[in-house]
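Data block for upload.pdb (PDB, C-alpha atoms):
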ATOM      1  CA  MET P  25    -104.528-176.480 205.588
ATOM      2  CA  GLN P  26    -101.835-178.274 203.559
ATOM      3  CA  PRO P  27     -99.946-176.162 200.971
ATOM      4  CA  ALA P  28    -101.354-178.131 198.016
ATOM      5  CA  CYS P  29    -104.910-177.787 199.328
ATOM      6  CA  ALA P  30    -104.391-174.099 200.018
ATOM      7  CA  ARG P  31    -103.137-173.580 196.483
ATOM      8  CA  SER P  32    -106.117-175.451 195.007
ATOM      9  CA  ALA P  33    -108.570-173.435 197.100
ATOM     10  CA  ALA P  34    -106.912-170.186 196.082
ATOM     11  CA  LEU P  35    -106.965-171.241 192.448
ATOM     12  CA  LEU P  36    -110.661-172.073 192.520
ATOM     13  CA  ALA P  37    -111.417-168.710 194.106
ATOM     14  CA  ALA P  38    -109.304-166.982 191.454
ATOM     15  CA  LEU P  39    -111.083-168.862 188.675
ATOM     16  CA  VAL P  40    -114.466-167.719 189.921
ATOM     17  CA  VAL P  41    -113.276-164.106 189.863
ATOM     18  CA  VAL P  42    -111.571-164.455 186.470
ATOM     19  CA  LEU P  43    -114.517-166.089 184.753
ATOM     20  CA  ALA P  44    -117.042-163.754 186.321
ATOM     21  CA  TYR P  45    -114.954-160.781 185.205
ATOM     22  CA  SER P  46    -114.725-162.117 181.651
ATOM     23  CA  ALA P  47    -118.501-162.421 181.519
ATOM     24  CA  VAL P  48    -119.204-158.797 182.385
ATOM     25  CA  SER P  49    -116.110-156.868 181.350
ATOM     26  CA  CYS P  50    -116.419-154.192 178.700
ATOM     27  CA  ARG P  51    -113.992-154.548 175.836
ATOM     28  CA  GLY P  52    -113.825-151.082 174.367
ATOM     29  CA  GLN P  53    -116.781-150.667 172.018
ATOM     30  CA  LEU P  54    -117.087-154.350 171.190
ATOM     31  CA  ALA P  55    -120.499-155.895 171.755
ATOM     32  CA  ASN P  56    -122.424-159.138 171.750
ATOM     33  CA  ASN P  57    -124.599-159.602 168.632
ATOM     34  CA  TYR P  58    -122.807-156.618 167.110
ATOM     35  CA  TYR P  59    -123.912-157.373 163.525
ATOM     36  CA  ALA P  60    -127.558-158.103 164.306
ATOM     37  CA  GLY P  61    -129.684-156.212 161.777
ATOM     38  CA  LYS P  62    -126.669-154.797 159.942
ATOM     39  CA  CYS P  63    -126.683-157.187 156.990
ATOM     40  CA  GLY P  64    -130.222-156.916 155.653
ATOM     41  CA  ASN P  65    -132.032-160.238 155.882
ATOM     42  CA  SER P  66    -128.743-162.146 156.187
ATOM     43  CA  SER P  67    -127.013-163.193 159.382
ATOM     44  CA  VAL P  68    -123.298-162.426 159.563
ATOM     45  CA  GLU P  69    -122.841-165.065 162.253
ATOM     46  CA  ASP P  70    -124.600-167.730 160.161
ATOM     47  CA  ILE P  71    -122.533-166.953 157.065
ATOM     48  CA  ILE P  72    -119.290-167.329 159.006
ATOM     49  CA  HIS P  73    -120.536-170.441 160.822
ATOM     50  CA  ASP P  74    -121.599-172.153 157.599
ATOM     51  CA  ALA P  75    -118.306-171.322 155.908
ATOM     52  CA  VAL P  76    -116.329-172.821 158.802
ATOM     53  CA  LYS P  77    -118.491-175.947 158.802
ATOM     54  CA  ALA P  78    -118.029-176.404 155.061
ATOM     55  CA  ARG P  79    -114.260-175.988 155.281
ATOM     56  CA  LEU P  80    -113.862-178.351 158.225
ATOM     57  CA  ALA P  81    -115.804-180.998 156.316
ATOM     58  CA  TRP P  82    -112.768-181.522 154.109
ATOM     59  CA  ASP P  83    -109.951-179.715 155.916
ATOM     60  CA  LYS P  84    -109.883-180.455 159.660
ATOM     61  CA  ARG P  85    -106.541-178.641 159.942
ATOM     62  CA  MET P  86    -108.337-175.332 159.642
ATOM     63  CA  VAL P  87    -109.038-175.187 163.378
ATOM     64  CA  ALA P  88    -105.279-175.142 163.971
ATOM     65  CA  GLY P  89    -104.811-172.581 161.217
ATOM     66  CA  LEU P  90    -107.390-170.219 162.671
ATOM     67  CA  LEU P  91    -106.088-170.506 166.238
ATOM     68  CA  HIS P  92    -102.577-169.813 164.968
ATOM     69  CA  LEU P  93    -103.847-166.891 162.904
ATOM     70  CA  GLN P  94    -105.718-165.313 165.821
ATOM     71  CA  PHE P  95    -102.748-165.532 168.154
ATOM     72  CA  HIS P  96    -100.211-164.171 165.659
ATOM     73  CA  ASP P  97    -102.521-161.321 164.678
ATOM     74  CA  CYS P  98    -103.647-160.263 168.141
ATOM     75  CA  PHE P  99    -100.368-160.654 170.011
ATOM     76  CA  VAL P 100     -98.352-158.403 167.694
ATOM     77  CA  ALA P 101    -100.270-155.138 167.403
ATOM     78  CA  GLY P 102    -103.749-156.035 168.508
ATOM     79  CA  CYS P 103    -106.593-157.858 166.755
ATOM     80  CA  ASP P 104    -106.686-155.694 163.638
ATOM     81  CA  ALA P 105    -106.120-158.235 160.831
ATOM     82  CA  SER P 106    -102.768-156.628 160.027
ATOM     83  CA  ILE P 107    -101.368-160.118 159.497
ATOM     84  CA  LEU P 108    -103.608-160.508 156.434
ATOM     85  CA  LEU P 109    -102.129-157.595 154.470
ATOM     86  CA  ASP P 110    -100.036-158.478 151.424
ATOM     87  CA  GLY P 111     -96.823-156.641 150.617
ATOM     88  CA  PRO P 112     -93.055-157.018 150.416
ATOM     89  CA  ASN P 113     -92.448-156.272 154.102
ATOM     90  CA  THR P 114     -95.731-157.017 155.861
ATOM     91  CA  GLU P 115     -96.240-159.218 158.914
ATOM     92  CA  LYS P 116     -97.080-162.301 156.871
ATOM     93  CA  THR P 117     -93.572-162.186 155.345
ATOM     94  CA  ALA P 118     -91.870-162.380 158.763
ATOM     95  CA  PRO P 119     -90.058-165.641 159.586
ATOM     96  CA  GLU P 120     -92.195-165.949 162.711
ATOM     97  CA  ASN P 121     -95.286-166.215 160.476
ATOM     98  CA  SER P 122     -93.937-168.668 157.930
ATOM     99  CA  GLY P 123     -96.154-171.467 159.253
ATOM    100  CA  ILE P 124     -99.415-169.516 159.157
ATOM    101  CA  PHE P 125    -102.116-170.800 156.831
ATOM    102  CA  GLY P 126    -105.803-170.094 156.262
ATOM    103  CA  TYR P 127    -105.490-166.804 154.386
ATOM    104  CA  ASP P 128    -107.499-168.258 151.506
ATOM    105  CA  PHE P 129    -110.292-169.255 153.857
ATOM    106  CA  ILE P 130    -110.553-165.735 155.297
ATOM    107  CA  ASP P 131    -110.700-164.454 151.706
ATOM    108  CA  ASP P 132    -113.599-166.805 150.948
ATOM    109  CA  VAL P 133    -115.567-165.693 154.002
ATOM    110  CA  LYS P 134    -114.937-162.033 153.244
ATOM    111  CA  THR P 135    -116.138-162.511 149.657
ATOM    112  CA  ALA P 136    -119.337-164.157 150.872
ATOM    113  CA  LEU P 137    -120.000-161.325 153.321
ATOM    114  CA  GLU P 138    -119.208-158.556 150.846
ATOM    115  CA  ARG P 139    -121.697-160.120 148.459
ATOM    116  CA  VAL P 140    -124.634-159.580 150.857
ATOM    117  CA  CYS P 141    -123.543-156.567 152.930
ATOM    118  CA  PRO P 142    -120.511-154.784 151.479
ATOM    119  CA  GLY P 143    -118.333-152.702 153.757
ATOM    120  CA  VAL P 144    -119.894-153.931 156.991
ATOM    121  CA  VAL P 145    -117.873-156.814 158.467
ATOM    122  CA  SER P 146    -114.200-156.352 159.288
ATOM    123  CA  CYS P 147    -111.532-158.898 158.492
ATOM    124  CA  ALA P 148    -110.469-158.722 162.140
ATOM    125  CA  ASP P 149    -113.908-159.877 163.275
ATOM    126  CA  ILE P 150    -113.917-162.695 160.714
ATOM    127  CA  ILE P 151    -110.756-164.130 162.291
ATOM    128  CA  ILE P 152    -112.231-164.029 165.803
ATOM    129  CA  ALA P 153    -115.677-165.379 164.903
ATOM    130  CA  ALA P 154    -114.350-168.109 162.597
ATOM    131  CA  THR P 155    -111.891-169.276 165.262
ATOM    132  CA  ARG P 156    -114.725-169.429 167.794
ATOM    133  CA  ASP P 157    -116.817-171.572 165.454
ATOM    134  CA  ALA P 158    -113.957-173.899 164.514
ATOM    135  CA  VAL P 159    -113.061-174.517 168.162
ATOM    136  CA  GLY P 160    -116.658-175.415 168.979
ATOM    137  CA  MET P 161    -116.963-177.730 165.981
ATOM    138  CA  CYS P 162    -113.770-179.603 166.865
ATOM    139  CA  GLY P 163    -114.642-180.731 170.359
ATOM    140  CA  GLY P 164    -113.760-177.524 172.161
ATOM    141  CA  PRO P 165    -115.989-175.143 174.102
ATOM    142  CA  SER P 166    -118.827-173.203 172.527
ATOM    143  CA  TYR P 167    -118.411-169.623 173.640
ATOM    144  CA  GLN P 168    -119.654-166.159 172.820
ATOM    145  CA  VAL P 169    -117.404-163.493 171.330
ATOM    146  CA  GLN P 170    -117.828-159.746 171.181
ATOM    147  CA  LEU P 171    -117.464-158.169 167.751
ATOM    148  CA  GLY P 172    -117.099-154.679 166.348
ATOM    149  CA  ARG P 173    -113.388-154.560 165.529
ATOM    150  CA  ARG P 174    -112.092-152.501 162.649
ATOM    151  CA  ASP P 175    -109.131-153.304 160.434
ATOM    152  CA  GLY P 176    -105.669-151.857 160.845
ATOM    153  CA  MET P 177    -103.796-150.079 158.086
ATOM    154  CA  VAL P 178    -100.190-150.770 159.117
ATOM    155  CA  SER P 179     -98.334-154.064 158.854
ATOM    156  CA  GLN P 180     -94.573-154.475 159.140
ATOM    157  CA  ALA P 181     -92.567-157.684 159.291
ATOM    158  CA  SER P 182     -90.435-156.337 162.141
ATOM    159  CA  MET P 183     -93.526-156.129 164.354
ATOM    160  CA  ALA P 184     -93.677-159.936 164.517
ATOM    161  CA  SER P 185     -90.348-160.127 166.354
ATOM    162  CA  ILE P 186     -92.155-159.928 169.713
ATOM    163  CA  LEU P 187     -93.882-163.282 169.161
ATOM    164  CA  PRO P 188     -92.612-165.919 171.621
ATOM    165  CA  GLY P 189     -90.705-168.696 169.875
ATOM    166  CA  PRO P 190     -90.798-172.483 170.398
ATOM    167  CA  ASN P 191     -87.746-172.405 172.673
ATOM    168  CA  VAL P 192     -88.722-169.476 174.887
ATOM    169  CA  ASP P 193     -88.145-170.114 178.584
ATOM    170  CA  VAL P 194     -91.028-169.872 181.031
ATOM    171  CA  PRO P 195     -89.995-166.654 182.870
ATOM    172  CA  THR P 196     -89.527-164.854 179.552
ATOM    173  CA  ALA P 197     -92.858-166.148 178.264
ATOM    174  CA  ILE P 198     -94.643-165.023 181.431
ATOM    175  CA  ASP P 199     -93.088-161.582 181.024
ATOM    176  CA  LEU P 200     -94.051-161.317 177.333
ATOM    177  CA  PHE P 201     -97.648-162.295 177.978
ATOM    178  CA  GLY P 202     -97.778-160.153 181.094
ATOM    179  CA  ARG P 203     -96.950-157.094 179.025
ATOM    180  CA  LYS P 204    -100.112-157.839 177.061
ATOM    181  CA  GLY P 205    -102.189-158.097 180.219
ATOM    182  CA  ILE P 206    -102.369-161.893 180.039
ATOM    183  CA  ASN P 207    -101.450-163.646 183.281
ATOM    184  CA  ALA P 208     -99.563-166.929 183.637
ATOM    185  CA  LEU P 209    -102.653-169.129 183.985
ATOM    186  CA  GLU P 210    -104.225-167.511 180.933
ATOM    187  CA  MET P 211    -100.960-168.042 179.051
ATOM    188  CA  VAL P 212    -100.858-171.741 179.927
ATOM    189  CA  SER P 213    -104.519-172.021 178.951
ATOM    190  CA  LEU P 214    -103.816-170.417 175.568
ATOM    191  CA  MET P 215    -100.999-172.891 175.015
ATOM    192  CA  GLY P 216    -103.731-175.519 174.984
ATOM    193  CA  ALA P 217    -104.202-174.533 171.330
ATOM    194  CA  HIS P 218    -101.206-176.800 170.731
ATOM    195  CA  THR P 219    -103.621-179.699 171.154
ATOM    196  CA  VAL P 220    -104.300-179.328 167.415
ATOM    197  CA  GLY P 221    -100.860-177.986 166.494
ATOM    198  CA  VAL P 222     -97.930-179.352 164.551
ATOM    199  CA  THR P 223     -94.282-178.486 164.120
ATOM    200  CA  HIS P 224     -91.470-179.769 161.908
ATOM    201  CA  CYS P 225     -88.503-181.999 162.636
ATOM    202  CA  SER P 226     -86.093-179.149 161.932
ATOM    203  CA  VAL P 227     -87.564-177.186 164.857
ATOM    204  CA  ILE P 228     -86.934-179.962 167.394
ATOM    205  CA  HIS P 229     -83.777-181.473 165.861
ATOM    206  CA  ASN P 230     -81.521-180.294 168.661
ATOM    207  CA  ARG P 231     -83.888-181.576 171.325
ATOM    208  CA  LEU P 232     -83.758-185.005 169.737
ATOM    209  CA  PHE P 233     -80.094-185.296 168.781
ATOM    210  CA  ASP P 234     -77.889-182.575 170.233
ATOM    211  CA  TYR P 235     -79.409-180.793 173.198
ATOM    212  CA  LYS P 236     -77.265-177.782 174.096
ATOM    213  CA  GLY P 237     -74.292-179.289 172.248
ATOM    214  CA  THR P 238     -74.197-182.478 174.322
ATOM    215  CA  GLY P 239     -74.723-184.827 171.403
ATOM    216  CA  LEU P 240     -77.590-186.320 173.394
ATOM    217  CA  PRO P 241     -81.375-185.809 173.498
ATOM    218  CA  ASP P 242     -83.008-183.349 175.861
ATOM    219  CA  PRO P 243     -83.229-185.188 179.210
ATOM    220  CA  ALA P 244     -86.562-183.496 179.869
ATOM    221  CA  MET P 245     -88.168-185.665 177.166
ATOM    222  CA  ASP P 246     -89.222-189.242 177.908
ATOM    223  CA  PRO P 247     -86.508-191.540 176.401
ATOM    224  CA  MET P 248     -89.099-193.858 174.868
ATOM    225  CA  TYR P 249     -90.789-190.912 173.215
ATOM    226  CA  VAL P 250     -87.410-189.737 171.900
ATOM    227  CA  TRP P 251     -86.944-193.186 170.388
ATOM    228  CA  ILE P 252     -90.370-193.085 168.739
ATOM    229  CA  LEU P 253     -89.765-189.649 167.238
ATOM    230  CA  THR P 254     -86.225-190.380 166.030
ATOM    231  CA  THR P 255     -87.232-193.753 164.594
ATOM    232  CA  TYR P 256     -90.461-192.900 162.828
ATOM    233  CA  ALA P 257     -91.034-189.137 162.539
ATOM    234  CA  CYS P 258     -87.595-187.531 162.485
ATOM    235  CA  PRO P 259     -84.863-190.069 161.644
ATOM    236  CA  LYS P 260     -81.414-188.726 160.897
ATOM    237  CA  GLY P 261     -80.775-188.053 157.238
ATOM    238  CA  GLN P 262     -84.426-187.846 156.264
ATOM    239  CA  ALA P 263     -85.090-186.286 152.881
ATOM    240  CA  PHE P 264     -88.097-184.252 153.991
ATOM    241  CA  ASP P 265     -88.769-181.990 156.959
ATOM    242  CA  ASN P 266     -91.611-184.083 158.343
ATOM    243  CA  ILE P 267     -94.365-182.725 160.536
ATOM    244  CA  VAL P 268     -94.639-183.699 164.199
ATOM    245  CA  TYR P 269     -97.897-183.510 166.124
ATOM    246  CA  LEU P 270     -97.791-181.474 169.336
ATOM    247  CA  ASP P 271    -100.398-183.738 170.927
ATOM    248  CA  ASP P 272    -101.141-187.441 170.836
ATOM    249  CA  PRO P 273    -101.985-188.301 167.186
ATOM    250  CA  SER P 274    -105.289-189.824 168.309
ATOM    251  CA  SER P 275    -106.361-186.404 169.608
ATOM    252  CA  ILE P 276    -104.729-184.116 167.083
ATOM    253  CA  LEU P 277    -108.000-182.961 165.490
ATOM    254  CA  LEU P 278    -109.789-182.396 168.800
ATOM    255  CA  VAL P 279    -109.617-179.289 170.975
ATOM    256  CA  ASP P 280    -109.286-180.957 174.371
ATOM    257  CA  LYS P 281    -107.034-181.149 177.428
ATOM    258  CA  SER P 282    -104.938-184.022 176.083
ATOM    259  CA  TYR P 283    -102.042-181.640 175.401
ATOM    260  CA  TYR P 284    -101.513-181.177 179.137
ATOM    261  CA  SER P 285    -101.603-184.919 179.760
ATOM    262  CA  GLN P 286     -98.870-185.330 177.158
ATOM    263  CA  ILE P 287     -96.700-182.818 178.991
ATOM    264  CA  MET P 288     -97.172-184.716 182.248
ATOM    265  CA  LYS P 289     -95.924-187.844 180.454
ATOM    266  CA  ARG P 290     -92.840-185.833 179.385
ATOM    267  CA  HIS P 291     -94.079-185.948 175.803
ATOM    268  CA  GLY P 292     -93.952-182.198 175.275
ATOM    269  CA  VAL P 293     -92.675-181.795 171.715
ATOM    270  CA  LEU P 294     -91.565-178.174 171.729
ATOM    271  CA  SER P 295     -89.119-177.041 174.368
ATOM    272  CA  VAL P 296     -91.625-174.495 175.661
ATOM    273  CA  ASP P 297     -94.320-177.179 175.952
ATOM    274  CA  GLN P 298     -92.291-179.368 178.271
ATOM    275  CA  ALA P 299     -90.935-176.370 180.140
ATOM    276  CA  LEU P 300     -94.480-175.500 181.217
ATOM    277  CA  GLY P 301     -94.679-178.842 182.988
ATOM    278  CA  ASP P 302     -91.235-178.587 184.563
ATOM    279  CA  HIS P 303     -91.081-175.009 185.818
ATOM    280  CA  ASN P 304     -92.305-174.322 189.356
ATOM    281  CA  ALA P 305     -94.340-171.330 188.218
ATOM    282  CA  THR P 306     -96.470-173.289 185.742
ATOM    283  CA  ALA P 307     -96.185-177.015 186.533
ATOM    284  CA  TRP P 308     -99.180-176.920 188.868
ATOM    285  CA  MET P 309    -101.227-175.167 186.176
ATOM    286  CA  VAL P 310    -100.468-177.938 183.684
ATOM    287  CA  ASN P 311    -101.442-180.533 186.286
ATOM    288  CA  PHE P 312    -104.638-178.636 187.110
ATOM    289  CA  LEU P 313    -105.751-178.360 183.478
ATOM    290  CA  ALA P 314    -104.843-182.001 182.792
ATOM    291  CA  THR P 315    -106.690-183.444 185.758
ATOM    292  CA  THR P 316    -109.814-181.268 186.068
ATOM    293  CA  ASP P 317    -112.596-180.167 183.737
ATOM    294  CA  PHE P 318    -111.653-176.476 183.776
ATOM    295  CA  PHE P 319    -109.854-176.458 180.410
ATOM    296  CA  PRO P 320    -112.906-175.530 178.264
ATOM    297  CA  SER P 321    -113.841-172.540 180.413
ATOM    298  CA  MET P 322    -110.252-171.369 180.849
ATOM    299  CA  PHE P 323    -109.450-171.801 177.150
ATOM    300  CA  SER P 324    -112.476-169.805 176.003
ATOM    301  CA  HIS P 325    -111.779-167.119 178.609
ATOM    302  CA  ALA P 326    -108.150-166.840 177.468
ATOM    303  CA  LEU P 327    -109.140-166.686 173.795
ATOM    304  CA  ASN P 328    -111.552-163.842 174.540
ATOM    305  CA  LYS P 329    -108.865-162.055 176.550
ATOM    306  CA  LEU P 330    -106.557-162.390 173.553
ATOM    307  CA  ALA P 331    -109.302-161.243 171.180
ATOM    308  CA  ALA P 332    -109.708-157.982 173.105
ATOM    309  CA  LEU P 333    -106.078-156.867 172.779
ATOM    310  CA  ASP P 334    -105.642-153.343 171.388
ATOM    311  CA  VAL P 335    -108.720-153.472 169.184
ATOM    312  CA  LEU P 336    -109.687-150.666 166.839
ATOM    313  CA  THR P 337    -113.291-149.505 167.194
ATOM    314  CA  GLY P 338    -115.443-146.505 166.381
ATOM    315  CA  THR P 339    -113.798-144.508 163.602
ATOM    316  CA  ALA P 340    -110.282-145.939 164.066
ATOM    317  CA  GLY P 341    -108.938-148.032 161.216
ATOM    318  CA  GLU P 342    -111.300-149.085 158.437
ATOM    319  CA  ILE P 343    -113.501-151.892 157.149
ATOM    320  CA  ARG P 344    -111.461-153.378 154.343
ATOM    321  CA  LYS P 345    -113.144-154.382 151.117
ATOM    322  CA  ASN P 346    -110.386-156.927 150.536
ATOM    323  CA  CYS P 347    -108.605-158.459 153.518
ATOM    324  CA  ARG P 348    -105.270-158.479 151.691
ATOM    325  CA  ARG P 349    -105.037-154.718 151.155
ATOM    326  CA  THR P 350    -106.168-151.451 152.644
ATOM    327  CA  ASN P 351    -108.939-149.508 150.920
TER     328      ASN P 351
END
Translate this structure into structure tokens?
Amino acid sequence: MQPACARSAALLAALVVVLAYSAVSCRGQLANNYYAGKCGNSSVEDIIHDAVKARLAWDKRMVAGLLHLQFHDCFVAGCDASILLDGPNTEKTAPENSGIFGYDFIDDVKTALERVCPGVVSCADIIIAATRDAVGMCGGPSYQVQLGRRDGMVSQASMASILPGPNVDVPTAIDLFGRKGINALEMVSLMGAHTVGVTHCSVIHNRLFDYKGTGLPDPAMDPMYVWILTTYACPKGQAFDNIVYLDDPSSILLVDKSYYSQIMKRHGVLSVDQALGDHNATAWMVNFLATTDFFPSMFSHALNKLAALDVLTGTAGEIRKNCRRTN
């Protein structure tokens, strides 16, 4: 068997095991249909679903906001909604979280839930369930999530320092995710969230104009794409720090595999994006997700793996009355 065929066969076998495991694994005391019968005659799932649908009707960016929010909450200290807490030195004040948005939406959902069943639904579960619904409504996979998380009571800005940045190299990223129990393929699958992501010109300025002090663009980026970005999105001397889409603009509001196709064209906007397509450890994963139909199943699996990190259940933590402060 040729090496490429052997690798593909091994990957398919691994995917069967991974996806089967995700379907039956026990995530602490989380459960399917956790809130069934716990909110009187109201359905917690329907309330969250309807709120997401209403918000997306006028603010399609919210899918990106919720994906960003889930990752930055879960990766730091587990999925405990600690990122939502207000305060002078909480996680949301950390530089790593300066681009997070959607706090107001979580507040709105929490208010609606507290109105019909006070003290029942955690803020942590709202993040997970709302993200699930937004992904499904924006072209991504429809998938089931387990709920039953409780809210954390500690939030410190310094905790966010472990979040991988836009210029992290692939070996370091693999190590960081590995410490959370997330393997390289799951990591690359999670990066697919960048299909609806944006950054700012200031973040990629050096890639476009002065890569590693050379005075030239990053050679890993397609020269024509460099020209497009430096001519229209990020020209020198611009007055504003414009946004730059991480995927093709025609696909920016859809959760699909287009992000990986962009990387294969050398159109990765962030350094870490293109590095995934160039590094031997992950290049084949990018190619696999770009050229097969496995992205939906791998993305939903990876999101559920992320959503199970260090959750609080049982009597740990609390069910906040207000997502912005502890009880």
Rows by chain and residue number, stretch 60-109 of chain P within 12 Å of stretch 275-294 of chain P, shortest pair, all atoms listed in the file, as a tab-separated table:
residue	atom	partner	partner_atom	distance
P:Leu80	CA	P:Leu277	CA	10.4
P:Asp83	CA	P:Leu277	CA	10.3
P:Lys84	CA	P:Leu277	CA	6.6
P:Arg85	CA	P:Leu277	CA	7.2
P:Met86	CA	P:Leu277	CA	9.6
P:Val87	CA	P:Leu277	CA	8.1
P:Ala88	CA	P:Leu277	CA	8.4
P:Gly89	CA	P:Leu277	CA	11.7
P:Leu91	CA	P:Val279	CA	10.6
* Test item: the PyMOL selection byres ((chain P and resi 313-318) around 12) resolved as a VMD selection string -> chain P and resid 32 35 to 36 39 to 40 43 164 to 165 209 to 210 212 to 216 219 280 to 289 300 to 301 306 to 312 319 to 325
* Asked: Smallest atom-to-atom distance to P:Ala81: which of P:Met161, P:Ile124, P:Ile150, P:Cys141, using all atoms listed in the file?
  -> P:Met161
* **Shell of 10 Å around P:Pro259, all atoms listed in the file, local chain residues under 4 positions omitted, as a list in words** => Cys225, His229, Leu232, Phe233, Trp251, Ile252, Leu253, Thr254, Thr255, Ala263 and Asn266 of chain P
Print the selection's residues with C-alpha atoms to a file, as a PDB file, in the coordinates of the input.
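File written: selection.pdb
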ATOM      1  CA  CYS P 225     -88.503-181.999 162.636  1.00  0.00           C
ATOM      2  CA  HIS P 229     -83.777-181.473 165.861  1.00  0.00           C
ATOM      3  CA  LEU P 232     -83.758-185.005 169.737  1.00  0.00           C
ATOM      4  CA  PHE P 233     -80.094-185.296 168.781  1.00  0.00           C
ATOM      5  CA  TRP P 251     -86.944-193.186 170.388  1.00  0.00           C
ATOM      6  CA  ILE P 252     -90.370-193.085 168.739  1.00  0.00           C
ATOM      7  CA  LEU P 253     -89.765-189.649 167.238  1.00  0.00           C
ATOM      8  CA  THR P 254     -86.225-190.380 166.030  1.00  0.00           C
ATOM      9  CA  THR P 255     -87.232-193.753 164.594  1.00  0.00           C
ATOM     10  CA  ALA P 263     -85.090-186.286 152.881  1.00  0.00           C
ATOM     11  CA  ASN P 266     -91.611-184.083 158.343  1.00  0.00           C
TER      12      ASN P 266
END
* **Residues selected by the PyMOL selection byres ((chain P and resi 135) around 12), written as a PyMOL selection string** => chain P and resi 71-72+75+128-134+136-147+150+344-348
* Reference answer for the PyMOL selection byres ((chain P and resi 295) around 10), as number ranges by chain -> P: 189-194, 227-228, 231, 242, 244-245, 292-294, 296-300
Write out the residues from the selection above, keeping C-alpha atoms, as a compact mmCIF listing (two decimals), keeping the file's coordinate frame.
# COMPACT_ATOMS: atom_id res chain seq x y z
CA GLY P 189 -90.70 -168.70 169.88
CA PRO P 190 -90.80 -172.48 170.40
CA ASN P 191 -87.75 -172.40 172.67
CA VAL P 192 -88.72 -169.48 174.89
CA ASP P 193 -88.14 -170.11 178.58
CA VAL P 194 -91.03 -169.87 181.03
CA VAL P 227 -87.56 -177.19 164.86
CA ILE P 228 -86.93 -179.96 167.39
CA ARG P 231 -83.89 -181.58 171.32
CA ASP P 242 -83.01 -183.35 175.86
CA ALA P 244 -86.56 -183.50 179.87
CA MET P 245 -88.17 -185.66 177.17
CA GLY P 292 -93.95 -182.20 175.28
CA VAL P 293 -92.68 -181.80 171.72
CA LEU P 294 -91.56 -178.17 171.73
CA VAL P 296 -91.62 -174.50 175.66
CA ASP P 297 -94.32 -177.18 175.95
CA GLN P 298 -92.29 -179.37 178.27
CA ALA P 299 -90.94 -176.37 180.14
CA LEU P 300 -94.48 -175.50 181.22
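When atom CA of P:Phe125 is paired with atom CA of P:Gly205, their separation reads 26.6 Å.
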Centre, edges in Å (one decimal): axis-aligned box, stretch 105-117 of chain P, 6 Å padding on all six sides, as JSON:
{"center_x": -99.3, "center_y": -159.3, "center_z": 155.6, "size_x": 25.7, "size_y": 18.0, "size_z": 22.4}
* To one decimal in Å, tell me the separation between atom CA of P:Arg156 and atom CA of P:Leu90. => 9.0 Å
* To do: With a distance cut-off of 8 Å and only C-alpha atoms, select the neighbouring residues of P:Met183, excluding the residue or stretch itself and same-chain residues fewer than 3 positions from it, and output the selection as a ChimeraX atom specification.
  => /P:100-101,115,179-180,186
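Excluding P:Ala181 itself and any same-chain residue fewer than 6 positions from it, the protein and nucleic acid residues within 12 Å of it, counting all atoms listed in the file, are His96, Asp97, Val100, Ala101, Ser106, Ile107, Leu108, Leu109, Asp110, Gly111, Pro112, Asn113, Thr114, Glu115, Lys116, Thr117, Ala118, Pro119, Glu120, Asn121, Ser122 and Leu187 of chain P.
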* Please, what distance in Å, to one decimal, runs between atom CA of P:Ala332 and atom CA of P:Val220? -> 22.7 Å
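Excluding P:Gly176 itself and any same-chain residue fewer than 2 positions from it, the protein and nucleic acid residues within 9 Å of it, counting all atoms listed in the file, are P:Gly102, P:Cys103, P:Asp104, P:Ala105, P:Ser106, P:Ala148, P:Arg174, P:Val178, P:Ser179, P:Leu336, P:Ala340, P:Gly341, P:Glu342, P:Ile343, P:Arg344, P:Thr350.
With distances taken over all atoms listed in the file, P:Gln94 is the one residue among P:Ser274, P:Gln94, P:Asn304, P:Ser182 lying closest to P:Leu333.
Proximity ranking of P:Gly172, P:Arg349, P:Pro243, P:Val222 relative to P:Ala60 places P:Gly172 first, based on all atoms listed in the file.
Surrounding residues of (-111.0, -149.9, 171.6) at most 6 Å away are P:Gly52, P:Gln53, P:Val335, P:Leu336, P:Thr337 (based on only C-alpha atoms).
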